[in-house]
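Asker: Please find start_29.cif (mmCIF, C-alpha atoms) on the next line:
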```
data_target
#
loop_
_atom_site.label_atom_id
_atom_site.label_comp_id
_atom_site.auth_asym_id
_atom_site.auth_seq_id
_atom_site.Cartn_x
_atom_site.Cartn_y
_atom_site.Cartn_z
CA MET M 1 -21.58 77.57 6.59
CA ALA M 2 -23.01 80.76 8.10
CA ASN M 3 -25.50 80.59 10.95
CA SER M 4 -28.80 82.51 11.15
CA LYS M 5 -26.96 85.77 12.01
CA GLY M 6 -24.70 85.53 8.97
CA ASN M 7 -21.65 84.50 10.98
CA ARG M 8 -19.62 81.51 9.98
CA ARG M 9 -19.89 78.57 12.40
CA ARG M 10 -16.83 78.14 14.60
CA PHE M 11 -17.21 74.33 14.60
CA GLY M 12 -18.40 72.15 11.76
CA SER M 13 -21.02 72.91 9.18
CA ILE M 14 -24.65 72.16 8.39
CA ARG M 15 -26.27 71.76 5.01
CA GLN M 16 -29.70 70.84 3.74
CA LEU M 17 -30.00 67.82 1.47
CA ARG M 18 -32.33 67.49 -1.53
CA SER M 19 -34.57 65.32 0.64
CA GLY M 20 -35.13 68.32 2.90
CA ARG M 21 -33.29 66.76 5.83
CA TRP M 22 -30.20 68.33 7.39
CA GLN M 23 -26.70 66.89 7.49
CA ILE M 24 -23.80 67.84 9.75
CA ARG M 25 -20.05 67.77 9.06
CA TYR M 26 -17.24 68.23 11.53
CA PRO M 27 -13.47 67.73 11.77
CA ASP M 28 -12.38 64.34 13.06
CA PRO M 29 -10.43 65.10 16.27
CA VAL M 30 -7.92 62.33 15.49
CA THR M 31 -7.26 62.71 11.77
CA GLY M 32 -8.41 66.31 11.25
CA LEU M 33 -10.33 65.21 8.18
CA THR M 34 -13.93 66.31 7.68
CA ARG M 35 -16.44 63.60 8.42
CA LYS M 36 -20.19 63.39 7.94
CA GLY M 37 -22.59 62.81 10.78
CA GLU M 38 -23.92 59.31 11.24
CA GLU M 39 -27.50 60.41 10.67
CA THR M 40 -29.52 63.26 9.20
CA TYR M 41 -32.02 65.47 11.02
CA PRO M 42 -35.53 66.69 10.22
CA THR M 43 -34.83 70.31 11.19
CA LYS M 44 -31.87 72.67 11.15
CA THR M 45 -32.23 73.17 14.90
CA ASP M 46 -31.89 69.42 15.50
CA ALA M 47 -28.74 69.37 13.40
CA GLU M 48 -27.26 72.35 15.29
CA VAL M 49 -27.95 70.65 18.63
CA ALA M 50 -26.28 67.46 17.43
CA LEU M 51 -23.22 69.38 16.26
CA THR M 52 -23.01 71.23 19.57
CA LEU M 53 -23.11 67.96 21.50
CA ILE M 54 -20.33 66.48 19.36
CA GLU M 55 -18.21 69.56 19.93
CA ALA M 56 -18.77 69.29 23.67
CA ASP M 57 -17.78 65.61 23.67
CA ILE M 58 -14.58 66.40 21.79
CA LYS M 59 -13.66 69.18 24.22
CA ARG M 60 -14.30 66.91 27.23
CA ASP M 61 -12.37 64.07 25.59
CA LYS M 62 -15.55 61.99 25.58
CA TRP M 63 -15.90 61.66 21.83
CA THR M 64 -15.90 58.13 20.43
CA ASP M 65 -15.38 57.33 16.78
CA PRO M 66 -18.83 56.18 15.56
CA ASP M 67 -17.12 53.75 13.19
CA ALA M 68 -15.16 52.13 16.02
CA GLY M 69 -18.16 50.15 17.24
CA LYS M 70 -18.77 48.65 13.81
CA VAL M 71 -17.20 45.37 14.83
CA LYS M 72 -19.28 42.23 15.23
CA LEU M 73 -19.50 41.02 18.80
CA GLY M 74 -18.66 37.48 17.70
CA ASP M 75 -15.39 38.61 16.12
CA PHE M 76 -14.50 40.87 19.03
CA ALA M 77 -15.28 38.12 21.56
CA SER M 78 -13.05 35.64 19.72
CA THR M 79 -10.17 38.11 19.84
CA TRP M 80 -10.93 38.91 23.48
CA LEU M 81 -10.76 35.23 24.41
CA ARG M 82 -7.59 34.63 22.39
CA ASP M 83 -5.74 37.53 24.01
CA ARG M 84 -6.65 36.72 27.61
CA LYS M 85 -4.25 34.89 29.90
CA LEU M 86 -6.53 32.19 31.27
CA GLU M 87 -6.34 28.73 32.75
CA GLU M 88 -7.16 26.05 30.19
CA THR M 89 -10.32 25.09 32.04
CA THR M 90 -11.47 28.72 32.23
CA ARG M 91 -10.74 29.27 28.54
CA GLU M 92 -12.73 26.18 27.63
CA ARG M 93 -15.64 27.23 29.86
CA TYR M 94 -15.72 30.72 28.33
CA ALA M 95 -15.60 29.29 24.81
CA ILE M 96 -18.57 27.03 25.55
CA THR M 97 -20.55 29.91 27.07
CA LEU M 98 -19.85 32.09 24.04
CA ARG M 99 -20.87 29.36 21.61
CA LYS M 100 -24.04 28.27 23.42
CA TYR M 101 -25.44 31.44 24.91
CA ILE M 102 -23.92 34.64 23.55
CA GLU M 103 -23.12 34.16 19.87
CA PRO M 104 -26.53 32.76 18.77
CA GLY M 105 -28.39 35.86 19.97
CA LEU M 106 -25.82 38.65 19.79
CA GLY M 107 -22.77 37.44 17.88
CA HIS M 108 -23.95 38.90 14.57
CA ARG M 109 -24.58 42.34 16.08
CA MET M 110 -22.13 45.23 15.85
CA LEU M 111 -20.81 46.39 19.21
CA SER M 112 -22.50 49.75 18.65
CA GLU M 113 -25.84 47.97 18.11
CA ILE M 114 -25.82 46.19 21.46
CA THR M 115 -27.98 48.40 23.64
CA PRO M 116 -29.31 47.82 27.17
CA ALA M 117 -32.67 46.95 25.65
CA ARG M 118 -31.09 44.28 23.42
CA VAL M 119 -29.18 42.84 26.37
CA ARG M 120 -32.41 42.59 28.38
CA SER M 121 -34.17 40.93 25.46
CA TRP M 122 -31.28 38.49 24.97
CA ARG M 123 -31.26 37.55 28.64
CA SER M 124 -35.04 37.13 28.78
CA GLY M 125 -34.88 34.94 25.69
CA LEU M 126 -32.33 32.62 27.30
CA LEU M 127 -34.36 32.26 30.48
CA GLY M 128 -37.59 31.78 28.53
CA GLY M 129 -35.91 29.25 26.26
CA GLY M 130 -35.12 26.91 29.12
CA ALA M 131 -31.53 27.84 29.93
CA GLY M 132 -30.73 27.41 33.61
CA GLU M 133 -30.37 30.55 35.69
CA PRO M 134 -26.75 29.77 36.71
CA SER M 135 -25.78 29.41 33.03
CA VAL M 136 -27.53 32.67 32.12
CA VAL M 137 -25.80 34.49 34.99
CA LYS M 138 -22.40 33.25 33.82
CA ALA M 139 -23.19 34.23 30.23
CA TYR M 140 -24.21 37.72 31.37
CA GLN M 141 -21.04 38.08 33.44
CA LEU M 142 -18.92 37.07 30.45
CA LEU M 143 -20.76 39.45 28.11
CA ARG M 144 -20.28 42.29 30.60
CA ALA M 145 -16.54 41.57 30.83
CA ILE M 146 -16.21 41.57 27.03
CA MET M 147 -18.13 44.83 26.72
CA ASN M 148 -16.00 46.40 29.48
CA THR M 149 -12.99 45.76 27.28
CA ALA M 150 -14.81 47.36 24.35
CA VAL M 151 -15.30 50.45 26.54
CA ASP M 152 -11.61 50.42 27.53
CA ASP M 153 -10.67 50.16 23.84
CA GLU M 154 -12.93 53.16 23.15
CA LEU M 155 -15.05 51.18 20.71
CA ILE M 156 -18.22 52.06 22.62
CA GLN M 157 -18.94 54.79 25.16
CA ARG M 158 -20.76 52.80 27.81
CA ASN M 159 -21.28 49.16 28.75
CA PRO M 160 -24.85 48.12 27.82
CA CYS M 161 -24.90 45.38 30.50
CA ARG M 162 -26.65 47.34 33.24
CA ILE M 163 -29.35 44.96 34.50
CA LYS M 164 -29.49 45.09 38.30
CA GLY M 165 -29.15 41.66 39.88
CA ALA M 166 -28.46 39.87 36.60
CA ASP M 167 -24.97 38.84 37.71
CA THR M 168 -26.11 36.87 40.77
CA TYR M 169 -28.55 34.12 41.61
CA ASP M 170 -29.80 32.44 44.77
CA VAL M 171 -28.10 29.12 45.45
CA PRO M 172 -30.53 26.72 47.13
CA GLU M 173 -29.36 25.25 50.41
CA ARG M 174 -27.86 21.83 49.81
CA PRO M 175 -28.76 18.87 52.02
CA VAL M 176 -26.02 17.70 54.40
CA LEU M 177 -25.49 14.05 55.33
CA SER M 178 -25.07 13.04 58.94
CA PRO M 179 -21.91 11.09 59.90
CA VAL M 180 -23.98 7.90 60.05
CA GLU M 181 -25.26 8.52 56.51
CA VAL M 182 -21.74 9.27 55.26
CA PHE M 183 -20.44 5.93 56.53
CA ALA M 184 -23.49 4.21 55.04
CA VAL M 185 -22.59 5.63 51.63
CA ALA M 186 -18.94 4.64 52.13
CA ASP M 187 -20.03 1.08 53.01
CA ALA M 188 -22.27 0.87 49.95
CA ILE M 189 -19.73 2.09 47.40
CA GLY M 190 -16.85 0.01 46.04
CA PRO M 191 -13.85 -0.34 48.41
CA ARG M 192 -11.59 1.59 46.03
CA TRP M 193 -13.74 4.72 46.42
CA ARG M 194 -14.36 4.50 50.17
CA ALA M 195 -11.50 6.90 51.03
CA LEU M 196 -12.76 9.37 48.43
CA VAL M 197 -16.23 9.43 50.00
CA LEU M 198 -14.87 9.88 53.51
CA LEU M 199 -12.40 12.62 52.59
CA THR M 200 -15.05 14.43 50.58
CA ALA M 201 -17.49 14.42 53.48
CA PHE M 202 -15.13 15.19 56.35
CA THR M 203 -12.73 17.69 54.72
CA THR M 204 -15.14 19.44 52.28
CA LEU M 205 -12.35 19.53 49.68
CA ARG M 206 -13.41 20.12 46.10
CA PHE M 207 -13.28 17.13 43.79
CA GLY M 208 -10.42 18.66 41.80
CA GLU M 209 -8.40 19.04 45.00
CA LEU M 210 -9.13 15.45 46.01
CA ALA M 211 -8.21 14.18 42.56
CA ALA M 212 -4.84 15.92 42.76
CA LEU M 213 -3.87 14.55 46.19
CA ARG M 214 -0.66 12.50 46.27
CA ARG M 215 0.77 10.22 48.91
CA ARG M 216 3.14 12.94 50.12
CA HIS M 217 0.17 15.23 50.79
CA VAL M 218 -1.39 12.84 53.32
CA ASP M 219 -0.12 13.04 56.91
CA LEU M 220 -1.71 10.18 58.82
CA GLU M 221 0.17 10.90 62.04
CA ASN M 222 -1.11 14.49 62.33
CA ARG M 223 -4.38 13.75 60.51
CA LEU M 224 -3.85 16.36 57.80
CA VAL M 225 -4.02 16.56 54.05
CA ARG M 226 -2.06 19.34 52.42
CA VAL M 227 -3.72 20.90 49.37
CA ARG M 228 -1.07 21.78 46.80
CA ARG M 229 -2.64 21.08 43.40
CA ASN M 230 -6.00 21.01 41.65
CA GLN M 231 -6.99 18.68 38.84
CA ALA M 232 -9.60 19.31 36.16
CA GLU M 233 -10.82 17.41 33.15
CA LEU M 234 -11.35 19.17 29.83
CA ASN M 235 -14.14 18.20 27.44
CA THR M 236 -11.57 16.31 25.40
CA GLY M 237 -10.98 14.02 28.37
CA ARG M 238 -7.49 15.38 29.01
CA LEU M 239 -6.61 15.92 32.66
CA VAL M 240 -5.05 19.24 33.64
CA ASP M 241 -3.07 19.50 36.86
CA LYS M 242 -2.64 23.06 38.10
CA SER M 243 -1.91 25.17 41.16
CA PRO M 244 -4.72 26.66 43.25
CA LYS M 245 -5.94 30.05 42.03
CA SER M 246 -4.78 31.93 45.13
CA ARG M 247 -2.40 31.59 48.06
CA ALA M 248 -5.36 30.72 50.23
CA GLY M 249 -5.78 27.57 48.16
CA PHE M 250 -2.50 26.19 49.52
CA ARG M 251 -3.62 24.96 52.93
CA PRO M 252 -3.59 22.09 55.41
CA VAL M 253 -6.96 20.49 56.11
CA ALA M 254 -7.62 18.26 59.11
CA PHE M 255 -9.57 15.03 59.02
CA PRO M 256 -11.04 13.03 61.95
CA ALA M 257 -9.30 10.10 63.64
CA GLU M 258 -12.23 7.87 62.64
CA ILE M 259 -11.05 7.69 59.03
CA VAL M 260 -7.29 7.25 59.59
CA ASP M 261 -7.50 3.46 59.23
CA ASP M 262 -9.52 3.81 56.01
CA LEU M 263 -6.92 6.17 54.52
CA ALA M 264 -4.03 3.94 55.63
CA HIS M 265 -5.75 0.95 54.01
CA HIS M 266 -6.29 2.94 50.80
CA LEU M 267 -2.64 4.00 50.63
CA ASP M 268 -1.48 0.44 51.23
CA ARG M 269 -3.93 -1.17 48.83
CA TYR M 270 -4.56 1.29 45.99
CA ALA M 271 -1.92 4.06 45.90
CA ALA M 272 1.32 3.65 43.99
CA PRO M 273 4.42 3.03 46.14
CA ALA M 274 6.56 5.96 47.24
CA ARG M 275 9.56 6.81 45.06
CA THR M 276 11.53 8.45 47.89
CA ALA M 277 11.53 7.93 51.63
CA THR M 278 10.79 10.73 54.12
CA SER M 279 9.64 11.00 57.70
CA SER M 280 6.64 8.96 58.67
CA SER M 281 4.60 12.10 59.21
CA ALA M 282 4.95 13.11 55.57
CA PRO M 283 5.40 10.04 53.37
CA ALA M 284 6.46 11.28 49.93
CA ALA M 285 5.64 10.14 46.44
CA ALA M 286 3.96 11.54 43.38
CA SER M 287 1.35 8.81 43.58
CA SER M 288 -2.29 9.77 43.81
CA VAL M 289 -4.33 8.81 46.82
CA GLY M 290 -6.81 7.34 44.40
CA ALA M 291 -4.36 5.70 42.01
CA THR M 292 -4.15 1.95 41.75
CA SER M 293 -1.03 0.12 42.80
CA GLY M 294 1.73 0.37 40.23
CA THR M 295 0.40 3.49 38.50
CA THR M 296 2.57 6.52 37.82
CA GLY M 297 0.46 8.90 39.85
CA SER M 298 -1.19 10.80 37.02
CA GLY M 299 -4.40 10.93 39.03
CA PRO M 300 -7.25 8.81 40.29
CA ALA M 301 -9.36 6.81 37.90
CA ARG M 302 -12.86 8.13 37.34
CA PRO M 303 -15.35 6.69 39.82
CA PRO M 304 -18.25 4.75 38.34
CA GLU M 305 -21.20 6.82 37.20
#
```
Reformat the file's structure so that it appears as structure tokens.
Answerer:
Amino acid sequence: MANSKGNRRRFGSIRQLRSGRWQIRYPDPVTGLTRKGEETYPTKTDAEVALTLIEADIKRDKWTDPDAGKVKLGDFASTWLRDRKLEETTRERYAITLRKYIEPGLGHRMLSEITPARVRSWRSGLLGGGAGEPSVVKAYQLLRAIMNTAVDDELIQRNPCRIKGADTYDVPERPVLSPVEVFAVADAIGPRWRALVLLTAFTTLRFGELAALRRRHVDLENRLVRVRRNQAELNTGRLVDKSPKSRAGFRPVAFPAEIVDDLAHHLDRYAAPARTATSSSAPAAASSVGATSGTTGSGPARPPE
């Protein structure tokens, strides 16, 4: 189509529709086929500006297929989760977050429809609806990661998750028991769980690390426990035994002399016997520190609620 000076346009074309609005057409940079603009414009000037911007994006390799973002977030997120190499516990946690927090408010939306304003509204709705701030932060972090992949796949031009501070929250300071209080708790709980209380308090190991401890990981002579595994429980009740996430997770942790006798008593009374003999400083067996005598060492029984 000729422009106002009678010269043919060097890129695309513009025509007026019966409605009086203006429509643009331009060659798809991938297929070479002519495609219509996604919207119409009230004036010819507006249409020319839009066409010029599209041409500039194509030349700068910034053009994104407008049809590419016409994928529902729920469908894209399901594929995203399926294709990720994740620990079972992480996969389960992400699936729960998607189901509870992301899909109800945004899952039906096309990727191209998810704007910063919609993300802000979605987040505000979760907080106003009673969802805890830590859960909302994790949901936002997951949504941002999914949308980053959409950007990498060139389905959208920019990640709409751009709320400053939305990916963090203040963790309140937790109360700390004194040694006297720790031993009071250990005295009050059942004898089978006394070692668990003392190790938890005096080594600050995570529960999953404590649950995965085996006889061979406990060095009474040098007063060390060696962290080698981590145990987690899925929602199905199945226990998953896995390696720490990083090399730093494999570490020796010291414990005080005051609890050596308690640990020795636990190993003698509640842990399964060793299958192979080693030096006294590193007694070996696949038996859990919390397992009852005669068990196979699959892990400690769950403490009473």
Asker: Give me the residues within 9 Å of region 91-93 of chain M as a PyMOL selection string, counting only C-alpha atoms and dropping any in the same chain fewer than 3 places off.
Answerer: chain M and resi 81-82+84-88+96-98+234-235
Asker: Give the answer as one residue: which of M:Val225, M:Leu127, M:Ile24, M:Gly74 has the shortest atom-to-atom distance to Leu53 (chain M), using only C-alpha atoms?
Answerer: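 Using only C-alpha atoms, Leu53 (chain M) sits closest to M:Ile24.
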Asker: For a quick check of your reading of the model, name the residues lying within 10 Å of the coordinate (-29.9, 39.0, 29.2), counting all atoms listed in the file, and write them as a short mmCIF file (atom, residue, chain, number, x, y, z; two decimals) with C-alpha atoms, keeping the file's coordinate frame.
Answerer:
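The resulting out_10.cif:
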```cif
data_model
loop_
_atom_site.label_atom_id
_atom_site.label_comp_id
_atom_site.auth_asym_id
_atom_site.auth_seq_id
_atom_site.Cartn_x
_atom_site.Cartn_y
_atom_site.Cartn_z
CA TYR M 101 -25.44 31.44 24.91
CA ILE M 102 -23.92 34.64 23.55
CA GLY M 105 -28.39 35.86 19.97
CA PRO M 116 -29.31 47.82 27.17
CA ALA M 117 -32.67 46.95 25.65
CA ARG M 118 -31.09 44.28 23.42
CA VAL M 119 -29.18 42.84 26.37
CA ARG M 120 -32.41 42.59 28.38
CA SER M 121 -34.17 40.93 25.46
CA TRP M 122 -31.28 38.49 24.97
CA ARG M 123 -31.26 37.55 28.64
CA SER M 124 -35.04 37.13 28.78
CA GLY M 125 -34.88 34.94 25.69
CA LEU M 126 -32.33 32.62 27.30
CA LEU M 127 -34.36 32.26 30.48
CA VAL M 136 -27.53 32.67 32.12
CA VAL M 137 -25.80 34.49 34.99
CA ALA M 139 -23.19 34.23 30.23
CA TYR M 140 -24.21 37.72 31.37
CA GLN M 141 -21.04 38.08 33.44
CA LEU M 143 -20.76 39.45 28.11
CA CYS M 161 -24.90 45.38 30.50
CA ARG M 162 -26.65 47.34 33.24
CA ILE M 163 -29.35 44.96 34.50
CA ALA M 166 -28.46 39.87 36.60
CA ASP M 167 -24.97 38.84 37.71
#
```
Asker: Which of these residues is nearest to Trp63 (chain M), using all atoms listed in the file: M:Ile156, M:Leu33, M:Leu106, M:Ile14?
Answerer: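 Of the candidates, the smallest distance to Trp63 (chain M) is held by M:Ile156.
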Asker: Care to translate the PyMOL selection byres ((chain M and resi 159) around 10) into actual residues of this file, as a list in words?
Answerer: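 Checking the PyMOL selection byres ((chain M and resi 159) around 10) against this file, the residues are Leu111, Ile114, Thr115, Pro116, Leu143, Arg144, Ala145, Ile146, Met147, Asn148, Thr149, Ala150, Val151, Asp152, Ile156, Gln157, Arg158, Pro160, Cys161 and Arg162 of chain M.
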Asker: Which polymer residues have any atom within 8 Å of an atom of region 184-192 of chain M, counting all atoms listed in the file, with same-chain residues fewer than 3 positions away left out, as a PyMOL selection string?
Answerer: chain M and resi 180-181+195+197-198+266+270+290
Asker: So the first atom is CA of Gly69 (chain M) and the second is CA of Val49 (chain M); what is the distance between them in Å, to one decimal place?
Answerer: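 A separation of 22.8 Å between them.
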Asker: To test your reading of the syntax: which residues would the PyMOL selection byres ((chain M and resi 263) around 12) return for the file shown? Reply as a ChimeraX atom specification.
Answerer: /M:191-199,215,218-221,223-225,255-262,264-271,289-290
Asker: Using Å and a single decimal, report how far CA of Asp241 (chain M) sits from CA of Ser78 (chain M).
Answerer: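 Those two atoms sit 25.6 Å apart.
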Asker: So the first atom is CA of Pro244 (chain M) and the second is CA of Leu142 (chain M); what is the distance between them in Å, to one decimal place?
Answerer: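 If I compute the distance from CA of Pro244 (chain M) to CA of Leu142 (chain M), I get 21.8 Å.
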Asker: For Leu73 (chain M), which residue out of M:Glu39, M:Arg21, M:Gly32, M:Leu155 is the nearest one, using all atoms listed in the file?
Answerer: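 Of M:Glu39, M:Arg21, M:Gly32, M:Leu155, the one nearest Leu73 (chain M), counting all atoms listed in the file, is M:Leu155.
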Asker: Using only C-alpha atoms, can you tell me which of M:Arg15, M:Asp75, M:Asp83, M:Tyr94 comes closest to Met110 (chain M)?
Answerer: M:Asp75
Asker: Counting all atoms listed in the file, what is within 12 Å of Leu17 (chain M), bar same-chain residues fewer than 3 positions away, as a PDB file with C-alpha atoms, keeping the file's coordinate frame?
Answerer:
```pdb
ATOM      1  CA  ILE M  14     -24.650  72.160   8.390  1.00  0.00           C
ATOM      2  CA  GLY M  20     -35.130  68.320   2.900  1.00  0.00           C
ATOM      3  CA  ARG M  21     -33.290  66.760   5.830  1.00  0.00           C
ATOM      4  CA  TRP M  22     -30.200  68.330   7.390  1.00  0.00           C
ATOM      5  CA  GLN M  23     -26.700  66.890   7.490  1.00  0.00           C
ATOM      6  CA  ILE M  24     -23.800  67.840   9.750  1.00  0.00           C
ATOM      7  CA  THR M  40     -29.520  63.260   9.200  1.00  0.00           C
ATOM      8  CA  TYR M  41     -32.020  65.470  11.020  1.00  0.00           C
ATOM      9  CA  PRO M  42     -35.530  66.690  10.220  1.00  0.00           C
ATOM     10  CA  THR M  43     -34.830  70.310  11.190  1.00  0.00           C
ATOM     11  CA  LYS M  44     -31.870  72.670  11.150  1.00  0.00           C
TER      12      LYS M  44
END
```
Asker: Each side padded by 3 Å, which centre and which edge lengths in Å (one decimal) define the axis-aligned box around the listed atoms of region 25-32 of chain M? Give them as lines of an AutoDock Vina configuration file.
Answerer:
```
center_x = -13.7
center_y = 65.3
center_z = 12.7
size_x = 18.8
size_y = 11.9
size_z = 13.2
```
Asker: Which is closest to Gly237 (chain M) among M:Thr203, M:Thr52, M:Thr34, M:Thr89, if we use all atoms listed in the file?
Answerer: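 Going through M:Thr203, M:Thr52, M:Thr34, M:Thr89 one by one, the smallest distance to Gly237 (chain M) is for M:Thr89.
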